[in-house]
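*Asks:* This one is structure_28.pdb, PDB, C-alpha atoms, pLDDT in the B column.
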```pdb
ATOM      1  CA  MET Q 176      88.051  27.449 -90.750  1.00 46.00           C
ATOM      2  CA  TYR Q 177      85.299  29.417 -92.491  1.00 39.00           C
ATOM      3  CA  LYS Q 178      82.999  26.403 -92.167  1.00 42.00           C
ATOM      4  CA  ASN Q 179      83.682  26.266 -88.422  1.00 43.00           C
ATOM      5  CA  CYS Q 180      83.010  30.012 -88.069  1.00 45.00           C
ATOM      6  CA  THR Q 181      79.797  29.678 -90.013  1.00 46.00           C
ATOM      7  CA  LEU Q 182      78.713  26.753 -87.838  1.00 45.00           C
ATOM      8  CA  VAL Q 183      79.487  28.683 -84.657  1.00 44.00           C
ATOM      9  CA  LEU Q 184      77.575  31.731 -85.903  1.00 47.00           C
ATOM     10  CA  CYS Q 185      74.521  29.663 -86.878  1.00 48.00           C
ATOM     11  CA  LEU Q 186      74.510  27.817 -83.580  1.00 50.00           C
ATOM     12  CA  PHE Q 187      74.916  31.072 -81.692  1.00 49.00           C
ATOM     13  CA  LEU Q 188      71.972  32.690 -83.494  1.00 49.00           C
ATOM     14  CA  LEU Q 189      69.822  29.597 -83.042  1.00 49.00           C
ATOM     15  CA  PHE Q 190      70.750  29.237 -79.372  1.00 47.00           C
ATOM     16  CA  THR Q 191      70.163  32.871 -78.426  1.00 49.00           C
ATOM     17  CA  GLY Q 192      66.973  32.968 -80.500  1.00 51.00           C
ATOM     18  CA  VAL Q 193      65.484  30.019 -78.618  1.00 44.00           C
ATOM     19  CA  CYS Q 194      66.724  31.087 -75.191  1.00 43.00           C
ATOM     20  CA  THR Q 195      65.655  34.724 -75.361  1.00 46.00           C
ATOM     21  CA  VAL Q 196      62.370  35.031 -73.492  1.00 41.00           C
ATOM     22  CA  HIS Q 197      60.548  38.300 -73.000  1.00 44.00           C
ATOM     23  CA  ALA Q 198      58.766  38.721 -69.657  1.00 41.00           C
ATOM     24  CA  GLU Q 199      57.231  42.188 -69.609  1.00 42.00           C
ATOM     25  CA  ASP Q 200      60.330  44.468 -69.928  1.00 42.00           C
ATOM     26  CA  ALA Q 201      62.936  41.841 -68.884  1.00 41.00           C
ATOM     27  CA  ILE Q 202      64.915  39.753 -71.405  1.00 38.00           C
ATOM     28  CA  VAL Q 203      66.574  36.502 -70.335  1.00 39.00           C
ATOM     29  CA  ARG Q 204      69.601  35.461 -72.376  1.00 44.00           C
ATOM     30  CA  GLN Q 205      71.773  32.344 -72.201  1.00 46.00           C
ATOM     31  CA  GLU Q 206      75.497  32.163 -73.149  1.00 50.00           C
ATOM     32  CA  LEU Q 207      76.739  29.806 -75.844  1.00 51.00           C
ATOM     33  CA  PRO Q 208      78.726  26.879 -74.323  1.00 56.00           C
ATOM     34  CA  GLU Q 209      82.483  27.225 -74.877  1.00 58.00           C
ATOM     35  CA  ASP Q 210      82.859  23.606 -76.021  1.00 60.00           C
ATOM     36  CA  VAL Q 211      80.041  23.739 -78.559  1.00 52.00           C
ATOM     37  CA  LEU Q 212      82.333  22.513 -81.364  1.00 56.00           C
ATOM     38  CA  ASN Q 213      83.095  19.357 -79.384  1.00 59.00           C
ATOM     39  CA  MET Q 214      79.423  18.578 -78.694  1.00 59.00           C
ATOM     40  CA  THR Q 215      77.304  16.185 -80.711  1.00 57.00           C
ATOM     41  CA  ILE Q 216      74.112  17.396 -82.343  1.00 54.00           C
ATOM     42  CA  GLN Q 217      72.068  15.535 -79.701  1.00 58.00           C
ATOM     43  CA  GLU Q 218      74.049  17.194 -76.892  1.00 61.00           C
ATOM     44  CA  VAL Q 219      73.521  20.631 -78.450  1.00 53.00           C
ATOM     45  CA  GLN Q 220      69.776  19.943 -78.773  1.00 57.00           C
ATOM     46  CA  GLU Q 221      69.552  18.765 -75.151  1.00 63.00           C
ATOM     47  CA  LYS Q 222      71.413  21.864 -73.995  1.00 60.00           C
ATOM     48  CA  LEU Q 223      69.091  24.100 -76.001  1.00 55.00           C
ATOM     49  CA  GLU Q 224      65.991  22.437 -74.502  1.00 58.00           C
ATOM     50  CA  GLU Q 225      67.435  22.676 -70.986  1.00 61.00           C
ATOM     51  CA  ASN Q 226      68.178  26.389 -71.290  1.00 55.00           C
ATOM     52  CA  TYR Q 227      64.855  27.100 -72.969  1.00 47.00           C
ATOM     53  CA  THR Q 228      63.028  25.505 -70.014  1.00 47.00           C
ATOM     54  CA  ASP Q 229      65.105  27.519 -67.517  1.00 49.00           C
ATOM     55  CA  ALA Q 230      64.398  30.733 -69.393  1.00 46.00           C
ATOM     56  CA  ALA Q 231      60.688  30.004 -69.577  1.00 44.00           C
ATOM     57  CA  LEU Q 232      60.575  29.356 -65.838  1.00 43.00           C
ATOM     58  CA  LEU Q 233      62.363  32.627 -65.170  1.00 41.00           C
ATOM     59  CA  SER Q 234      59.859  34.500 -67.304  1.00 42.00           C
ATOM     60  CA  LEU Q 235      56.937  32.909 -65.442  1.00 41.00           C
ATOM     61  CA  ALA Q 236      58.503  33.886 -62.132  1.00 45.00           C
ATOM     62  CA  GLY Q 237      58.245  37.504 -63.197  1.00 46.00           C
ATOM     63  CA  MET Q 238      54.552  37.341 -64.120  1.00 43.00           C
ATOM     64  CA  PRO Q 239      52.002  38.894 -61.746  1.00 45.00           C
ATOM     65  CA  LYS Q 240      49.555  36.807 -59.754  1.00 45.00           C
ATOM     66  CA  ILE Q 241      45.823  37.106 -60.354  1.00 42.00           C
ATOM     67  CA  SER Q 242      43.388  37.148 -57.447  1.00 45.00           C
ATOM     68  CA  SER Q 243      39.880  35.700 -57.541  1.00 45.00           C
ATOM     69  CA  PRO Q 244      37.204  35.940 -54.824  1.00 48.00           C
ATOM     70  CA  GLU Q 245      37.813  32.264 -53.999  1.00 47.00           C
ATOM     71  CA  ARG Q 246      41.609  31.870 -54.049  1.00 50.00           C
ATOM     72  CA  GLU Q 247      44.839  33.259 -55.434  1.00 47.00           C
ATOM     73  CA  VAL Q 248      46.126  31.677 -58.611  1.00 43.00           C
ATOM     74  CA  GLU Q 249      49.028  32.227 -60.971  1.00 43.00           C
ATOM     75  CA  TYR Q 250      49.148  32.831 -64.705  1.00 37.00           C
ATOM     76  CA  GLU Q 251      45.494  32.269 -65.588  1.00 41.00           C
ATOM     77  CA  VAL Q 252      42.136  33.986 -65.215  1.00 47.00           C
ATOM     78  CA  LEU Q 253      39.430  31.909 -63.558  1.00 47.00           C
ATOM     79  CA  VAL Q 254      35.874  32.301 -64.832  1.00 50.00           C
ATOM     80  CA  ASN Q 255      33.112  31.338 -62.435  1.00 66.00           C
ATOM     81  CA  GLU Q 256      30.767  29.181 -64.472  1.00 75.00           C
ATOM     82  CA  GLU Q 257      27.977  29.783 -61.927  1.00 80.00           C
ATOM     83  CA  ALA Q 258      28.007  33.561 -62.414  1.00 89.00           C
ATOM     84  CA  VAL Q 259      24.792  35.176 -63.700  1.00 90.00           C
ATOM     85  CA  PHE Q 260      24.788  38.209 -65.977  1.00 93.00           C
ATOM     86  CA  LEU Q 261      21.706  40.438 -65.988  1.00 94.00           C
ATOM     87  CA  ASP Q 262      20.763  43.456 -68.027  1.00 95.00           C
ATOM     88  CA  GLU Q 263      20.171  46.744 -66.213  1.00 96.00           C
ATOM     89  CA  GLU Q 264      16.394  46.355 -65.989  1.00 97.00           C
ATOM     90  CA  SER Q 265      16.572  42.803 -64.632  1.00 97.00           C
ATOM     91  CA  LEU Q 266      19.200  43.803 -62.078  1.00 97.00           C
ATOM     92  CA  ASP Q 267      17.061  46.683 -60.850  1.00 97.00           C
ATOM     93  CA  ILE Q 268      13.987  44.420 -60.541  1.00 97.00           C
ATOM     94  CA  LEU Q 269      15.959  41.806 -58.605  1.00 98.00           C
ATOM     95  CA  CYS Q 270      17.410  44.382 -56.211  1.00 98.00           C
ATOM     96  CA  ARG Q 271      14.010  45.985 -55.603  1.00 98.00           C
ATOM     97  CA  ILE Q 272      12.210  42.727 -54.847  1.00 98.00           C
ATOM     98  CA  VAL Q 273      15.023  41.659 -52.504  1.00 98.00           C
ATOM     99  CA  GLU Q 274      14.813  44.994 -50.677  1.00 98.00           C
ATOM    100  CA  ALA Q 275      11.015  44.806 -50.481  1.00 97.00           C
ATOM    101  CA  GLU Q 276      10.953  41.189 -49.257  1.00 97.00           C
ATOM    102  CA  ALA Q 277      14.058  41.103 -47.065  1.00 96.00           C
ATOM    103  CA  GLY Q 278      15.055  44.683 -46.319  1.00 95.00           C
ATOM    104  CA  THR Q 279      15.059  43.941 -42.585  1.00 95.00           C
ATOM    105  CA  GLU Q 280      16.987  40.655 -42.937  1.00 96.00           C
ATOM    106  CA  ASP Q 281      20.738  40.109 -42.675  1.00 97.00           C
ATOM    107  CA  GLU Q 282      22.832  39.754 -45.829  1.00 97.00           C
ATOM    108  CA  GLU Q 283      22.257  36.014 -46.077  1.00 97.00           C
ATOM    109  CA  GLY Q 284      18.505  36.556 -45.734  1.00 97.00           C
ATOM    110  CA  ARG Q 285      18.647  38.931 -48.688  1.00 97.00           C
ATOM    111  CA  MET Q 286      20.797  36.538 -50.677  1.00 97.00           C
ATOM    112  CA  LEU Q 287      18.224  33.795 -50.137  1.00 97.00           C
ATOM    113  CA  VAL Q 288      15.445  35.862 -51.694  1.00 98.00           C
ATOM    114  CA  ALA Q 289      17.646  36.575 -54.714  1.00 97.00           C
ATOM    115  CA  ASN Q 290      18.517  32.873 -54.903  1.00 97.00           C
ATOM    116  CA  VAL Q 291      14.826  31.925 -54.961  1.00 98.00           C
ATOM    117  CA  VAL Q 292      14.113  34.354 -57.805  1.00 97.00           C
ATOM    118  CA  LEU Q 293      16.983  32.972 -59.883  1.00 97.00           C
ATOM    119  CA  ASN Q 294      16.013  29.383 -59.021  1.00 97.00           C
ATOM    120  CA  ARG Q 295      12.578  30.107 -60.461  1.00 97.00           C
ATOM    121  CA  VAL Q 296      14.113  31.576 -63.613  1.00 97.00           C
ATOM    122  CA  GLU Q 297      15.965  28.275 -64.093  1.00 96.00           C
ATOM    123  CA  SER Q 298      12.896  26.137 -63.309  1.00 96.00           C
ATOM    124  CA  ARG Q 299      10.467  25.041 -66.004  1.00 95.00           C
ATOM    125  CA  ARG Q 300       7.623  25.719 -63.587  1.00 94.00           C
ATOM    126  CA  PHE Q 301       8.128  29.494 -63.769  1.00 96.00           C
ATOM    127  CA  PRO Q 302       8.859  32.222 -66.334  1.00 96.00           C
ATOM    128  CA  ASP Q 303      12.403  32.280 -67.679  1.00 95.00           C
ATOM    129  CA  THR Q 304      13.225  35.924 -66.906  1.00 96.00           C
ATOM    130  CA  VAL Q 305      13.659  37.866 -63.667  1.00 97.00           C
ATOM    131  CA  LYS Q 306      10.905  40.267 -64.699  1.00 97.00           C
ATOM    132  CA  GLY Q 307       8.564  37.408 -65.575  1.00 97.00           C
ATOM    133  CA  VAL Q 308       9.165  35.694 -62.237  1.00 97.00           C
ATOM    134  CA  VAL Q 309       8.789  38.791 -60.061  1.00 97.00           C
ATOM    135  CA  PHE Q 310       5.602  40.013 -61.738  1.00 97.00           C
ATOM    136  CA  GLN Q 311       4.023  36.596 -62.276  1.00 96.00           C
ATOM    137  CA  LYS Q 312       0.393  36.128 -61.241  1.00 93.00           C
ATOM    138  CA  ASN Q 313      -1.449  32.852 -60.715  1.00 88.00           C
ATOM    139  CA  GLY Q 314      -5.214  33.169 -60.929  1.00 87.00           C
ATOM    140  CA  GLY Q 315      -4.808  36.919 -60.648  1.00 88.00           C
ATOM    141  CA  VAL Q 316      -2.748  36.607 -57.443  1.00 88.00           C
ATOM    142  CA  CYS Q 317       0.751  38.086 -57.342  1.00 93.00           C
ATOM    143  CA  GLN Q 318       3.516  35.621 -56.477  1.00 93.00           C
ATOM    144  CA  PHE Q 319       5.359  38.257 -54.441  1.00 95.00           C
ATOM    145  CA  SER Q 320       3.308  40.260 -51.965  1.00 93.00           C
ATOM    146  CA  PRO Q 321       5.292  43.536 -52.379  1.00 96.00           C
ATOM    147  CA  ILE Q 322       3.992  43.681 -55.946  1.00 96.00           C
ATOM    148  CA  ALA Q 323       0.409  43.435 -54.673  1.00 94.00           C
ATOM    149  CA  THR Q 324       0.877  45.940 -51.852  1.00 94.00           C
ATOM    150  CA  GLY Q 325       2.936  48.357 -53.923  1.00 95.00           C
ATOM    151  CA  SER Q 326       5.879  48.384 -51.498  1.00 96.00           C
ATOM    152  CA  TYR Q 327       8.077  47.142 -54.335  1.00 97.00           C
ATOM    153  CA  TYR Q 328       7.719  50.526 -56.014  1.00 97.00           C
ATOM    154  CA  ARG Q 329       8.432  52.547 -52.880  1.00 96.00           C
ATOM    155  CA  VAL Q 330      11.579  50.934 -51.547  1.00 96.00           C
ATOM    156  CA  LYS Q 331      15.019  52.491 -51.757  1.00 97.00           C
ATOM    157  CA  VAL Q 332      17.587  49.816 -52.502  1.00 97.00           C
ATOM    158  CA  SER Q 333      20.329  49.785 -49.864  1.00 97.00           C
ATOM    159  CA  GLU Q 334      24.020  49.074 -50.329  1.00 97.00           C
ATOM    160  CA  LYS Q 335      23.590  45.964 -48.185  1.00 97.00           C
ATOM    161  CA  THR Q 336      21.013  44.628 -50.622  1.00 98.00           C
ATOM    162  CA  ARG Q 337      23.199  45.428 -53.628  1.00 97.00           C
ATOM    163  CA  ASN Q 338      26.090  43.571 -52.015  1.00 97.00           C
ATOM    164  CA  ALA Q 339      23.880  40.559 -51.318  1.00 97.00           C
ATOM    165  CA  VAL Q 340      22.600  40.492 -54.893  1.00 97.00           C
ATOM    166  CA  ASP Q 341      26.127  40.884 -56.225  1.00 97.00           C
ATOM    167  CA  ARG Q 342      27.291  37.858 -54.231  1.00 96.00           C
ATOM    168  CA  VAL Q 343      24.437  35.807 -55.670  1.00 96.00           C
ATOM    169  CA  LEU Q 344      25.170  36.926 -59.225  1.00 96.00           C
ATOM    170  CA  ARG Q 345      28.799  35.913 -58.726  1.00 95.00           C
ATOM    171  CA  GLY Q 346      27.612  32.385 -58.054  1.00 94.00           C
ATOM    172  CA  GLU Q 347      26.875  32.081 -54.325  1.00 95.00           C
ATOM    173  CA  ASP Q 348      23.822  29.891 -53.760  1.00 95.00           C
ATOM    174  CA  ILE Q 349      22.810  29.023 -50.199  1.00 96.00           C
ATOM    175  CA  SER Q 350      19.189  28.232 -51.008  1.00 96.00           C
ATOM    176  CA  GLN Q 351      19.354  24.417 -51.311  1.00 96.00           C
ATOM    177  CA  GLY Q 352      17.239  24.811 -54.431  1.00 96.00           C
ATOM    178  CA  ALA Q 353      14.349  26.630 -52.725  1.00 96.00           C
ATOM    179  CA  LEU Q 354      11.561  27.867 -54.977  1.00 97.00           C
ATOM    180  CA  PHE Q 355       9.308  29.364 -52.300  1.00 95.00           C
ATOM    181  CA  PHE Q 356       9.650  31.355 -49.098  1.00 94.00           C
ATOM    182  CA  VAL Q 357       7.067  32.647 -46.674  1.00 91.00           C
ATOM    183  CA  ASN Q 358       6.768  34.543 -43.418  1.00 90.00           C
ATOM    184  CA  ARG Q 359       4.505  32.224 -41.442  1.00 89.00           C
ATOM    185  CA  HIS Q 360       3.550  34.875 -38.889  1.00 84.00           C
ATOM    186  CA  ALA Q 361       2.443  37.326 -41.572  1.00 82.00           C
ATOM    187  CA  THR Q 362       0.504  34.804 -43.667  1.00 75.00           C
ATOM    188  CA  LYS Q 363      -3.072  33.648 -43.309  1.00 78.00           C
ATOM    189  CA  ALA Q 364      -3.490  30.114 -41.982  1.00 75.00           C
ATOM    190  CA  GLY Q 365      -5.268  29.013 -45.139  1.00 74.00           C
ATOM    191  CA  ASN Q 366      -2.342  30.121 -47.292  1.00 79.00           C
ATOM    192  CA  MET Q 367       0.176  28.415 -45.017  1.00 82.00           C
ATOM    193  CA  THR Q 368      -1.710  25.146 -45.440  1.00 87.00           C
ATOM    194  CA  TRP Q 369      -0.712  25.159 -49.103  1.00 85.00           C
ATOM    195  CA  PHE Q 370       2.985  25.439 -48.211  1.00 87.00           C
ATOM    196  CA  ASP Q 371       2.757  22.796 -45.501  1.00 88.00           C
ATOM    197  CA  THR Q 372       0.905  20.253 -47.637  1.00 92.00           C
ATOM    198  CA  ARG Q 373       2.102  20.925 -51.181  1.00 91.00           C
ATOM    199  CA  CYS Q 374       5.767  21.864 -50.632  1.00 92.00           C
ATOM    200  CA  THR Q 375       8.828  20.373 -48.997  1.00 95.00           C
ATOM    201  CA  PHE Q 376      10.187  22.350 -46.065  1.00 95.00           C
ATOM    202  CA  LEU Q 377      13.937  23.006 -46.353  1.00 96.00           C
ATOM    203  CA  PHE Q 378      14.990  25.412 -43.598  1.00 95.00           C
ATOM    204  CA  ALA Q 379      14.192  28.690 -41.859  1.00 95.00           C
ATOM    205  CA  HIS Q 380      16.304  31.815 -41.891  1.00 96.00           C
ATOM    206  CA  GLY Q 381      15.325  35.011 -40.148  1.00 92.00           C
ATOM    207  CA  ARG Q 382      11.592  35.530 -40.496  1.00 94.00           C
ATOM    208  CA  HIS Q 383      11.286  33.376 -43.620  1.00 95.00           C
ATOM    209  CA  GLU Q 384      10.779  29.675 -44.152  1.00 95.00           C
ATOM    210  CA  PHE Q 385      12.049  28.168 -47.398  1.00 96.00           C
ATOM    211  CA  PHE Q 386      10.447  25.367 -49.409  1.00 95.00           C
ATOM    212  CA  SER Q 387      11.007  23.416 -52.600  1.00 95.00           C
TER     213      SER Q 387
END
```
Would you encode the structure as C-alpha cells?

*Replies:*
Amino acid sequence: MYKNCTLVLCLFLLFTGVCTVHAEDAIVRQELPEDVLNMTIQEVQEKLEENYTDAALLSLAGMPKISSPEREVEYEVLVNEEAVFLDEESLDILCRIVEAEAGTEDEEGRMLVANVVLNRVESRRFPDTVKGVVFQKNGGVCQFSPIATGSYYRVKVSEKTRNAVDRVLRGEDISQGALFFVNRHATKAGNMTWFDTRCTFLFAHGRHEFFS
C-alpha cells in the first residue's frame, strides 16, 4: 500500500510539475487521471505529453501580439534587416540635405533624395559616410548644389522631411538604385549632357530626374 501511495505521489508531482505553465500571471494546471494506477508507463508518458502540449498552447493564447510597420505577428519580434542606424550628426546632415534639395517635393520626392545619399554610402564609387557623401567635391565642385549655394545651412528641417527620412532609415527604398538626381530645368545644358551621356536614366519624380 505504501508503495502504491508513493508511486501516486511521485506521479502526481511529476505530472503537475510538467503541466504547470506560467503565462504572465495565469497558471494552467492539469488534474491527475483517476485510473493512473491502471495505466502503463507508455500511456502515462503519452498523457503527460498531451497535457503539456495543451497547457503550452493555452499559455501562448494568452500572450500579447506584437505589431510591426509591415504586418501583425504573434510571439516574436521582427527586425528589419534593411534598417539603417545613423548617429546624431549623420542624421542631421541627411535631414538637412533632403530639406535643401527636396523641400518643395512630396514625401516620396524627399525619400528619393535620402535614398540616393544612402545608395552612395553603400557604393564603392563614393565616400562611405553620410557626411562624406554630402560634402564630397570632385575637382573642387560640390556634388550637391545646396552645399555650394549655402542653402543647406539655412534650411529649417520640416516634420514632413523627418518623416520621409525616417521611412528610408526603416528600410523603404523606392530609388531603383539611383546614384544621381538632377533638376533638368535648373541645370546648365552642358552639365545635363554629362547625365544624358554618362548615366542611365531611371525615372522622373516631381522636378527631379534620377539616374544610375

*Asks:* Have a look at atom CA of Q:Val305 and atom CA of Q:Leu269 and let me know their distance in Å, one decimal.

*Replies:*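 Separating atom CA of Q:Val305 from atom CA of Q:Leu269 is a distance of 6.8 Å.
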
*Asks:* For this structure, which residues satisfy the selection - the PyMOL selection byres ((chain Q and resi 321) around 12) - when it is evaluated on the file as given? I want them as a VMD selection string.

*Replies:* chain Q and resid 268 271 to 278 309 to 310 316 to 320 322 to 330

*Asks:* For Q:Glu280, please output as an MDAnalysis selection string all residues within 10 Å (counting all atoms listed in the file; exclusion window: fewer than 3 positions along the same chain).

*Replies:* chainID Q and resid 273:274 276:277 283:286 335:336 380:383

*Asks:* So what do you get for atom CA of Q:Arg337 versus atom CA of Q:Leu293, distance-wise?

*Replies:* 15.3 Å

*Asks:* Using all atoms listed in the file, which residue out of Q:Asn290, Q:Thr375, Q:Ser333, Q:Gln311 lies closest to Q:Ile349?

*Replies:*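 That would be Q:Asn290, the residue with the smallest distance to Q:Ile349.
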
*Asks:* With distances taken over all atoms listed in the file, which residue among Q:Val288, Q:Val296, Q:Lys331, Q:Gln351 lies nearest Q:Val259?

*Replies:*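 Nearest to Q:Val259: Q:Val296.
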
*Asks:* Go ahead and compute the interatomic distance for atom CA of Q:Arg373 and atom CA of Q:Asn358, in Å to one decimal.

*Replies:*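 Atom-to-atom, atom CA of Q:Arg373 and atom CA of Q:Asn358 are spaced 16.4 Å apart.
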
*Asks:* Choose the residue, out of Q:Met367, Q:Leu354, Q:Ala379, Q:Val332, that has the smallest atom-to-atom separation from Q:Thr279; count all atoms listed in the file.

*Replies:*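 The shortest atom-to-atom distance to Q:Thr279 comes from Q:Val332.
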
*Asks:* Which residues are close to Q:Phe356, i.e. within 7 Å by all atoms listed in the file, leaving aside same-chain residues fewer than 6 positions away? Reply as a PyMOL selection string.

*Replies:* chain Q and resi 383-386

*Asks:* Using the selection just defined, write its residues with C-alpha atoms as a PDB file, in the coordinates of the input.

*Replies:*
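Result file part.pdb:
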```
ATOM      1  CA  HIS Q 383      11.286  33.376 -43.620  1.00 95.00           C
ATOM      2  CA  GLU Q 384      10.779  29.675 -44.152  1.00 95.00           C
ATOM      3  CA  PHE Q 385      12.049  28.168 -47.398  1.00 96.00           C
ATOM      4  CA  PHE Q 386      10.447  25.367 -49.409  1.00 95.00           C
TER       5      PHE Q 386
END
```

*Asks:* Compare Q:Glu334, Q:Leu287, Q:Lys306, Q:Ala339 by their minimum atom-to-atom distance to Q:Glu263, counting only C-alpha atoms, and give me the closest one.

*Replies:*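 Counting only C-alpha atoms, the residue closest to Q:Glu263 is Q:Lys306.
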
*Asks:* Start from the incomplete input, build N, CA, C and O atoms for stretch 274-294 of chain Q, and deliver everything as a PDB file, keeping the file's coordinate frame.

*Replies:*
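Final output, rebuild04.pdb:
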```
ATOM      1  N   GLU Q 274      14.963  43.947 -51.694  1.00 98.00           N
ATOM      2  CA  GLU Q 274      14.813  44.994 -50.677  1.00 98.00           C
ATOM      3  C   GLU Q 274      13.413  44.956 -50.078  1.00 98.00           C
ATOM      4  O   GLU Q 274      13.238  45.059 -48.857  1.00 98.00           O
ATOM      5  N   ALA Q 275      12.400  44.798 -50.948  1.00 97.00           N
ATOM      6  CA  ALA Q 275      11.015  44.806 -50.481  1.00 97.00           C
ATOM      7  C   ALA Q 275      10.695  43.576 -49.624  1.00 97.00           C
ATOM      8  O   ALA Q 275       9.956  43.666 -48.641  1.00 97.00           O
ATOM      9  N   GLU Q 276      11.254  42.428 -49.977  1.00 97.00           N
ATOM     10  CA  GLU Q 276      10.953  41.189 -49.257  1.00 97.00           C
ATOM     11  C   GLU Q 276      11.846  40.982 -48.039  1.00 97.00           C
ATOM     12  O   GLU Q 276      11.429  40.370 -47.055  1.00 97.00           O
ATOM     13  N   ALA Q 277      13.094  41.453 -48.117  1.00 96.00           N
ATOM     14  CA  ALA Q 277      14.058  41.103 -47.065  1.00 96.00           C
ATOM     15  C   ALA Q 277      14.886  42.297 -46.600  1.00 96.00           C
ATOM     16  O   ALA Q 277      16.003  42.114 -46.121  1.00 96.00           O
ATOM     17  N   GLY Q 278      14.324  43.482 -46.704  1.00 95.00           N
ATOM     18  CA  GLY Q 278      15.055  44.683 -46.319  1.00 95.00           C
ATOM     19  C   GLY Q 278      15.413  44.760 -44.852  1.00 95.00           C
ATOM     20  O   GLY Q 278      16.293  45.536 -44.457  1.00 95.00           O
ATOM     21  N   THR Q 279      14.747  43.961 -44.016  1.00 95.00           N
ATOM     22  CA  THR Q 279      15.059  43.941 -42.585  1.00 95.00           C
ATOM     23  C   THR Q 279      15.883  42.704 -42.203  1.00 95.00           C
ATOM     24  O   THR Q 279      16.186  42.512 -41.023  1.00 95.00           O
ATOM     25  N   GLU Q 280      16.220  41.876 -43.193  1.00 96.00           N
ATOM     26  CA  GLU Q 280      16.987  40.655 -42.937  1.00 96.00           C
ATOM     27  C   GLU Q 280      18.489  40.936 -43.000  1.00 96.00           C
ATOM     28  O   GLU Q 280      18.924  41.976 -43.495  1.00 96.00           O
ATOM     29  N   ASP Q 281      19.290  39.977 -42.540  1.00 97.00           N
ATOM     30  CA  ASP Q 281      20.738  40.109 -42.675  1.00 97.00           C
ATOM     31  C   ASP Q 281      21.121  39.824 -44.133  1.00 97.00           C
ATOM     32  O   ASP Q 281      20.253  39.558 -44.976  1.00 97.00           O
ATOM     33  N   GLU Q 282      22.415  39.896 -44.430  1.00 97.00           N
ATOM     34  CA  GLU Q 282      22.832  39.754 -45.829  1.00 97.00           C
ATOM     35  C   GLU Q 282      22.484  38.386 -46.397  1.00 97.00           C
ATOM     36  O   GLU Q 282      22.070  38.275 -47.551  1.00 97.00           O
ATOM     37  N   GLU Q 283      22.609  37.348 -45.597  1.00 97.00           N
ATOM     38  CA  GLU Q 283      22.257  36.014 -46.077  1.00 97.00           C
ATOM     39  C   GLU Q 283      20.761  35.904 -46.345  1.00 97.00           C
ATOM     40  O   GLU Q 283      20.339  35.242 -47.294  1.00 97.00           O
ATOM     41  N   GLY Q 284      19.950  36.563 -45.506  1.00 97.00           N
ATOM     42  CA  GLY Q 284      18.505  36.556 -45.734  1.00 97.00           C
ATOM     43  C   GLY Q 284      18.152  37.220 -47.048  1.00 97.00           C
ATOM     44  O   GLY Q 284      17.226  36.788 -47.750  1.00 97.00           O
ATOM     45  N   ARG Q 285      18.865  38.255 -47.400  1.00 97.00           N
ATOM     46  CA  ARG Q 285      18.647  38.931 -48.688  1.00 97.00           C
ATOM     47  C   ARG Q 285      19.141  38.068 -49.849  1.00 97.00           C
ATOM     48  O   ARG Q 285      18.492  37.995 -50.901  1.00 97.00           O
ATOM     49  N   MET Q 286      20.285  37.438 -49.636  1.00 97.00           N
ATOM     50  CA  MET Q 286      20.797  36.538 -50.677  1.00 97.00           C
ATOM     51  C   MET Q 286      19.806  35.429 -50.981  1.00 97.00           C
ATOM     52  O   MET Q 286      19.615  35.049 -52.145  1.00 97.00           O
ATOM     53  N   LEU Q 287      19.163  34.912 -49.943  1.00 97.00           N
ATOM     54  CA  LEU Q 287      18.224  33.795 -50.137  1.00 97.00           C
ATOM     55  C   LEU Q 287      17.044  34.189 -51.017  1.00 97.00           C
ATOM     56  O   LEU Q 287      16.588  33.402 -51.847  1.00 97.00           O
ATOM     57  N   VAL Q 288      16.552  35.405 -50.844  1.00 98.00           N
ATOM     58  CA  VAL Q 288      15.445  35.862 -51.694  1.00 98.00           C
ATOM     59  C   VAL Q 288      15.909  35.955 -53.145  1.00 98.00           C
ATOM     60  O   VAL Q 288      15.210  35.522 -54.074  1.00 98.00           O
ATOM     61  N   ALA Q 289      17.105  36.496 -53.355  1.00 97.00           N
ATOM     62  CA  ALA Q 289      17.646  36.575 -54.714  1.00 97.00           C
ATOM     63  C   ALA Q 289      17.856  35.180 -55.286  1.00 97.00           C
ATOM     64  O   ALA Q 289      17.575  34.929 -56.469  1.00 97.00           O
ATOM     65  N   ASN Q 290      18.346  34.262 -54.465  1.00 97.00           N
ATOM     66  CA  ASN Q 290      18.517  32.873 -54.903  1.00 97.00           C
ATOM     67  C   ASN Q 290      17.201  32.266 -55.367  1.00 97.00           C
ATOM     68  O   ASN Q 290      17.152  31.591 -56.405  1.00 97.00           O
ATOM     69  N   VAL Q 291      16.135  32.489 -54.611  1.00 98.00           N
ATOM     70  CA  VAL Q 291      14.826  31.925 -54.961  1.00 98.00           C
ATOM     71  C   VAL Q 291      14.360  32.464 -56.309  1.00 98.00           C
ATOM     72  O   VAL Q 291      13.864  31.706 -57.159  1.00 98.00           O
ATOM     73  N   VAL Q 292      14.527  33.766 -56.515  1.00 97.00           N
ATOM     74  CA  VAL Q 292      14.113  34.354 -57.805  1.00 97.00           C
ATOM     75  C   VAL Q 292      14.873  33.696 -58.951  1.00 97.00           C
ATOM     76  O   VAL Q 292      14.280  33.292 -59.963  1.00 97.00           O
ATOM     77  N   LEU Q 293      16.180  33.562 -58.804  1.00 97.00           N
ATOM     78  CA  LEU Q 293      16.983  32.972 -59.883  1.00 97.00           C
ATOM     79  C   LEU Q 293      16.714  31.478 -60.030  1.00 97.00           C
ATOM     80  O   LEU Q 293      16.766  30.945 -61.147  1.00 97.00           O
ATOM     81  N   ASN Q 294      16.398  30.800 -58.926  1.00 97.00           N
ATOM     82  CA  ASN Q 294      16.013  29.383 -59.021  1.00 97.00           C
ATOM     83  C   ASN Q 294      14.752  29.227 -59.853  1.00 97.00           C
ATOM     84  O   ASN Q 294      14.610  28.281 -60.639  1.00 97.00           O
TER      85      ASN Q 294
END
```
